[in-house]
Every structure is written in C-alpha cells, then in structure tokens.
>>> print(open('entry_13.pdb').read())   # PDB, N, CA and C atoms
MODEL        1
ATOM      1  N   MET A 195       0.822  -1.184   0.000
ATOM      2  CA  MET A 195       0.000   0.000   0.000
ATOM      3  C   MET A 195       0.877   1.264   0.000
ATOM      4  N   LEU A 196       1.898   1.303   0.851
ATOM      5  CA  LEU A 196       2.742   2.480   0.940
ATOM      6  C   LEU A 196       3.819   2.526  -0.138
ATOM      7  N   ASN A 197       3.935   1.497  -0.924
ATOM      8  CA  ASN A 197       4.956   1.460  -1.957
ATOM      9  C   ASN A 197       4.669   2.423  -3.107
ATOM     10  N   ASN A 198       3.430   2.806  -3.305
ATOM     11  CA  ASN A 198       3.053   3.614  -4.465
ATOM     12  C   ASN A 198       2.776   5.077  -4.120
ATOM     13  N   ILE A 199       3.253   5.564  -2.981
ATOM     14  CA  ILE A 199       2.950   6.946  -2.592
ATOM     15  C   ILE A 199       3.681   7.919  -3.509
ATOM     16  N   GLY A 200       4.973   7.827  -3.612
ATOM     17  CA  GLY A 200       5.750   8.697  -4.483
ATOM     18  C   GLY A 200       5.905  10.106  -3.923
ATOM     19  N   LEU A 201       6.615  10.937  -4.660
ATOM     20  CA  LEU A 201       6.901  12.306  -4.233
ATOM     21  C   LEU A 201       5.639  13.175  -4.173
ATOM     22  N   PRO A 202       4.758  13.133  -5.178
ATOM     23  CA  PRO A 202       3.551  13.976  -5.088
ATOM     24  C   PRO A 202       2.674  13.617  -3.878
ATOM     25  N   GLY A 203       2.596  12.347  -3.560
ATOM     26  CA  GLY A 203       1.802  11.922  -2.400
ATOM     27  C   GLY A 203       2.411  12.405  -1.093
ATOM     28  N   LEU A 204       3.733  12.335  -0.999
ATOM     29  CA  LEU A 204       4.403  12.818   0.209
ATOM     30  C   LEU A 204       4.231  14.324   0.377
ATOM     31  N   LEU A 205       4.312  15.061  -0.735
ATOM     32  CA  LEU A 205       4.101  16.509  -0.669
ATOM     33  C   LEU A 205       2.675  16.838  -0.230
ATOM     34  N   LEU A 206       1.709  16.093  -0.733
ATOM     35  CA  LEU A 206       0.316  16.311  -0.344
ATOM     36  C   LEU A 206       0.124  16.041   1.150
ATOM     37  N   ILE A 207       0.709  14.971   1.641
ATOM     38  CA  ILE A 207       0.620  14.644   3.072
ATOM     39  C   ILE A 207       1.263  15.742   3.904
ATOM     40  N   ALA A 208       2.427  16.239   3.479
ATOM     41  CA  ALA A 208       3.116  17.303   4.210
ATOM     42  C   ALA A 208       2.276  18.574   4.265
ATOM     43  N   ILE A 209       1.624  18.915   3.163
ATOM     44  CA  ILE A 209       0.786  20.120   3.118
ATOM     45  C   ILE A 209      -0.420  19.963   4.042
ATOM     46  N   VAL A 210      -1.049  18.801   4.024
ATOM     47  CA  VAL A 210      -2.207  18.559   4.892
ATOM     48  C   VAL A 210      -1.801  18.647   6.366
ATOM     49  N   VAL A 211      -0.674  18.064   6.724
ATOM     50  CA  VAL A 211      -0.199  18.117   8.110
ATOM     51  C   VAL A 211       0.108  19.558   8.501
ATOM     52  N   LEU A 212       0.733  20.302   7.615
ATOM     53  CA  LEU A 212       1.056  21.704   7.888
ATOM     54  C   LEU A 212      -0.208  22.525   8.108
ATOM     55  N   VAL A 213      -1.236  22.287   7.305
ATOM     56  CA  VAL A 213      -2.488  23.029   7.442
ATOM     57  C   VAL A 213      -3.194  22.648   8.741
ATOM     58  N   LEU A 214      -3.206  21.376   9.076
ATOM     59  CA  LEU A 214      -3.917  20.924  10.276
ATOM     60  C   LEU A 214      -3.248  21.401  11.563
ATOM     61  N   PHE A 215      -1.940  21.305  11.640
ATOM     62  CA  PHE A 215      -1.253  21.582  12.893
ATOM     63  C   PHE A 215      -0.618  22.963  12.956
ATOM     64  N   GLY A 216      -0.336  23.564  11.856
ATOM     65  CA  GLY A 216       0.302  24.879  11.858
ATOM     66  C   GLY A 216       1.808  24.761  12.007
ATOM     67  N   ARG A 217       2.493  25.783  11.525
ATOM     68  CA  ARG A 217       3.956  25.754  11.513
ATOM     69  C   ARG A 217       4.542  25.750  12.926
ATOM     70  N   GLY A 218       3.967  26.536  13.832
ATOM     71  CA  GLY A 218       4.484  26.636  15.202
ATOM     72  C   GLY A 218       4.395  25.320  15.949
ATOM     73  N   LYS A 219       3.295  24.633  15.811
ATOM     74  CA  LYS A 219       3.101  23.358  16.507
ATOM     75  C   LYS A 219       4.060  22.299  15.976
ATOM     76  N   ILE A 220       4.257  22.273  14.667
ATOM     77  CA  ILE A 220       5.158  21.284  14.070
ATOM     78  C   ILE A 220       6.592  21.546  14.496
ATOM     79  N   SER A 221       7.012  22.823  14.517
ATOM     80  CA  SER A 221       8.391  23.122  14.902
ATOM     81  C   SER A 221       8.638  22.781  16.370
ATOM     82  N   SER A 222       7.669  23.026  17.236
ATOM     83  CA  SER A 222       7.848  22.670  18.645
ATOM     84  C   SER A 222       7.866  21.146  18.818
ATOM     85  N   LEU A 223       7.062  20.454  18.036
ATOM     86  CA  LEU A 223       7.052  18.992  18.092
ATOM     87  C   LEU A 223       8.394  18.421  17.635
ATOM     88  N   MET A 224       8.946  18.981  16.567
ATOM     89  CA  MET A 224      10.249  18.510  16.075
ATOM     90  C   MET A 224      11.357  18.830  17.076
ATOM     91  N   GLY A 225      11.235  19.952  17.790
ATOM     92  CA  GLY A 225      12.192  20.285  18.841
ATOM     93  C   GLY A 225      12.164  19.253  19.959
ATOM     94  N   GLU A 226      10.976  18.826  20.335
ATOM     95  CA  GLU A 226      10.832  17.800  21.373
ATOM     96  C   GLU A 226      11.386  16.460  20.895
ATOM     97  N   VAL A 227      11.164  16.140  19.637
ATOM     98  CA  VAL A 227      11.715  14.892  19.083
ATOM     99  C   VAL A 227      13.243  14.944  19.122
ATOM    100  N   GLY A 228      13.822  16.085  18.776
ATOM    101  CA  GLY A 228      15.275  16.248  18.820
ATOM    102  C   GLY A 228      15.823  16.089  20.226
ATOM    103  N   LYS A 229      15.134  16.673  21.211
ATOM    104  CA  LYS A 229      15.563  16.527  22.606
ATOM    105  C   LYS A 229      15.483  15.066  23.047
ATOM    106  N   GLY A 230      14.454  14.379  22.612
ATOM    107  CA  GLY A 230      14.303  12.966  22.964
ATOM    108  C   GLY A 230      15.413  12.111  22.374
ATOM    109  N   ILE A 231      15.768  12.371  21.134
ATOM    110  CA  ILE A 231      16.846  11.618  20.487
ATOM    111  C   ILE A 231      18.169  11.887  21.192
ATOM    112  N   THR A 232      18.422  13.160  21.539
ATOM    113  CA  THR A 232      19.656  13.508  22.247
ATOM    114  C   THR A 232      19.714  12.816  23.606
ATOM    115  N   SER A 233      18.602  12.810  24.316
ATOM    116  CA  SER A 233      18.545  12.154  25.623
ATOM    117  C   SER A 233      18.770  10.651  25.488
ATOM    118  N   PHE A 234      18.192  10.055  24.461
ATOM    119  CA  PHE A 234      18.367   8.621  24.235
ATOM    120  C   PHE A 234      19.831   8.284  23.964
ATOM    121  N   LYS A 235      20.480   9.076  23.107
ATOM    122  CA  LYS A 235      21.891   8.836  22.796
ATOM    123  C   LYS A 235      22.759   8.989  24.034
ATOM    124  N   LYS A 236      22.446   9.982  24.871
ATOM    125  CA  LYS A 236      23.203  10.198  26.106
ATOM    126  C   LYS A 236      23.025   9.004  27.049
ATOM    127  N   GLY A 237      21.814   8.500  27.163
ATOM    128  CA  GLY A 237      21.554   7.343  28.014
ATOM    129  C   GLY A 237      22.274   6.100  27.533
ATOM    130  N   VAL A 238      22.302   5.891  26.227
ATOM    131  CA  VAL A 238      23.012   4.739  25.668
ATOM    132  C   VAL A 238      24.506   4.853  25.944
ATOM    133  N   ALA A 239      25.060   6.055  25.788
ATOM    134  CA  ALA A 239      26.486   6.258  26.029
ATOM    135  C   ALA A 239      26.824   6.011  27.498
ATOM    136  N   GLU A 240      25.973   6.486  28.415
ATOM    137  CA  GLU A 240      26.214   6.262  29.843
ATOM    138  C   GLU A 240      26.110   4.779  30.188
ATOM    139  N   GLY A 241      25.147   4.086  29.606
ATOM    140  CA  GLY A 241      25.002   2.651  29.853
ATOM    141  C   GLY A 241      26.201   1.874  29.356
ATOM    142  N   THR A 242      26.693   2.236  28.190
ATOM    143  CA  THR A 242      27.881   1.584  27.639
ATOM    144  C   THR A 242      29.091   1.846  28.528
ATOM    145  N   LYS A 243      29.206   3.064  29.028
ATOM    146  CA  LYS A 243      30.319   3.425  29.914
ATOM    147  C   LYS A 243      30.270   2.600  31.198
ATOM    148  N   GLU A 244      29.076   2.458  31.779
ATOM    149  CA  GLU A 244      28.928   1.667  33.002
ATOM    150  C   GLU A 244      29.285   0.204  32.757
ATOM    151  N   LEU A 245      28.875  -0.334  31.615
ATOM    152  CA  LEU A 245      29.201  -1.727  31.306
ATOM    153  C   LEU A 245      30.699  -1.919  31.130
ATOM    154  N   ASP A 246      31.349  -0.954  30.478
ATOM    155  CA  ASP A 246      32.799  -1.032  30.304
ATOM    156  C   ASP A 246      33.521  -0.958  31.646
ATOM    157  N   GLU A 247      33.050  -0.072  32.535
ATOM    158  CA  GLU A 247      33.668   0.045  33.858
ATOM    159  C   GLU A 247      33.476  -1.245  34.649
ATOM    160  N   ALA A 248      32.310  -1.860  34.552
ATOM    161  CA  ALA A 248      32.049  -3.106  35.273
ATOM    162  C   ALA A 248      32.918  -4.241  34.725
ATOM    163  N   ALA A 249      33.141  -4.252  33.426
ATOM    164  CA  ALA A 249      33.957  -5.298  32.819
ATOM    165  C   ALA A 249      35.428  -5.135  33.194
ATOM    166  N   ASN A 250      35.860  -3.899  33.409
ATOM    167  CA  ASN A 250      37.259  -3.638  33.732
ATOM    168  C   ASN A 250      37.540  -3.654  35.232
ATOM    169  N   ALA A 251      36.508  -3.791  36.058
ATOM    170  CA  ALA A 251      36.692  -3.787  37.512
ATOM    171  C   ALA A 251      37.404  -5.058  37.956
ATOM    172  N   LYS A 252      38.292  -4.898  38.923
ATOM    173  CA  LYS A 252      39.014  -6.050  39.472
ATOM    174  C   LYS A 252      38.199  -6.685  40.577
ATOM    175  N   ASP A 253      38.408  -7.957  40.791
ATOM    176  CA  ASP A 253      37.769  -8.668  41.884
ATOM    177  C   ASP A 253      38.561  -8.377  43.152
ATOM    178  N   VAL A 254      37.954  -7.668  44.099
ATOM    179  CA  VAL A 254      38.642  -7.293  45.327
ATOM    180  C   VAL A 254      38.205  -8.151  46.512
ATOM    181  N   THR A 255      37.520  -9.255  46.244
ATOM    182  CA  THR A 255      37.079 -10.144  47.294
ATOM    183  C   THR A 255      38.303 -10.865  47.876
ATOM    184  N   PRO A 256      38.419 -10.908  49.218
ATOM    185  CA  PRO A 256      39.556 -11.629  49.814
ATOM    186  C   PRO A 256      39.543 -13.099  49.413
ATOM    187  N   GLU A 257      40.723 -13.707  49.339
ATOM    188  CA  GLU A 257      40.822 -15.093  48.870
ATOM    189  C   GLU A 257      40.087 -16.057  49.773
ATOM    190  N   GLU A 258      40.011 -15.768  51.064
ATOM    191  CA  GLU A 258      39.301 -16.662  51.991
ATOM    192  C   GLU A 258      37.839 -16.802  51.591
ATOM    193  N   GLU A 259      37.214 -15.705  51.221
ATOM    194  CA  GLU A 259      35.805 -15.746  50.837
ATOM    195  C   GLU A 259      35.620 -16.439  49.485
ATOM    196  N   THR A 260      36.540 -16.257  48.577
ATOM    197  CA  THR A 260      36.389 -16.915  47.277
ATOM    198  C   THR A 260      36.553 -18.416  47.419
ATOM    199  N   ASP A 261      37.403 -18.885  48.355
ATOM    200  CA  ASP A 261      37.561 -20.309  48.579
ATOM    201  C   ASP A 261      36.276 -20.897  49.174
ATOM    202  N   LYS A 262      35.617 -20.177  50.060
ATOM    203  CA  LYS A 262      34.360 -20.654  50.657
ATOM    204  C   LYS A 262      33.269 -20.762  49.600
ATOM    205  N   ASP A 263      33.243 -19.824  48.666
ATOM    206  CA  ASP A 263      32.230 -19.842  47.617
ATOM    207  C   ASP A 263      32.398 -21.048  46.702
ATOM    208  N   LYS A 264      33.643 -21.452  46.464
ATOM    209  CA  LYS A 264      33.908 -22.574  45.552
ATOM    210  C   LYS A 264      33.599 -23.916  46.209
ATOM    211  N   ALA A 265      33.639 -23.972  47.512
ATOM    212  CA  ALA A 265      33.435 -25.240  48.216
ATOM    213  C   ALA A 265      32.009 -25.620  48.338
TER     214      ALA A 265
ENDMDL
END
>>> encode(input="entry_13.pdb", output="structure tokens")
Amino acid sequence: MLNNIGLPGLLLIAIVVLVLFGRGKISSLMGEVGKGITSFKKGVAEGTKELDEAANAKDVTPEEETDKDKA
C-alpha cells in the first residue's frame, strides 16, 4: 500500500499536516523529538560506559571468601 505513494503523495501529506497543525506546533514537536533523540543517545552512552567500567573492575574479594564460595 505504501509502496506507491511517491513524491507527489508525500508533498500532499506534508501540506495537509502543515495546514492541520500549523507551523508553530510542528516546529515545537520537532524540537521535542530532537531533545528525545539527544537524551536517548546520552543514556546509551552512559550505559555503555557503566558496562565497560564493570567489565574492567578487578575482583577485590579476599581469597578466603572466594575459597568458601567454591566449596
């Protein structure tokens, strides 16, 4: 169904959306979408950083406790 839209169909959809919502509403909506994408990227970067720190952390458990865990 969506394979046959083409450029004229997309332009028509864009014009209808612009008329219905107005330029101000669309620009504020796109601003919010941009903030959301930025926040998502920041969260992914922080999560990756935490995983890297956890992978690089040394085991500081005393040997006595590690021997008890294995037994």
>>> atom_distance(input="entry_13.pdb", atom1="atom C of Val213 in chain A", atom2="atom C of Gly228 in chain A")
23.2 Å
>>> atom_distance(input="entry_13.pdb", atom1="atom N of Glu226 in chain A", atom2="atom C of Val211 in chain A")
16.1 Å
>>> axis_aligned_box(input="entry_13.pdb", around="range 212-223 of chain A", padding_each_side="5 Å", output="AutoDock Vina command-line options")
--center_x 2.4 --center_y 22.5 --center_z 13.1 --size_x 22.6 --size_y 18.2 --size_z 21.5
>>> atom_distance(input="entry_13.pdb", atom1="CA of Gly203 in chain A", atom2="CA of Gly230 in chain A")
28.3 Å
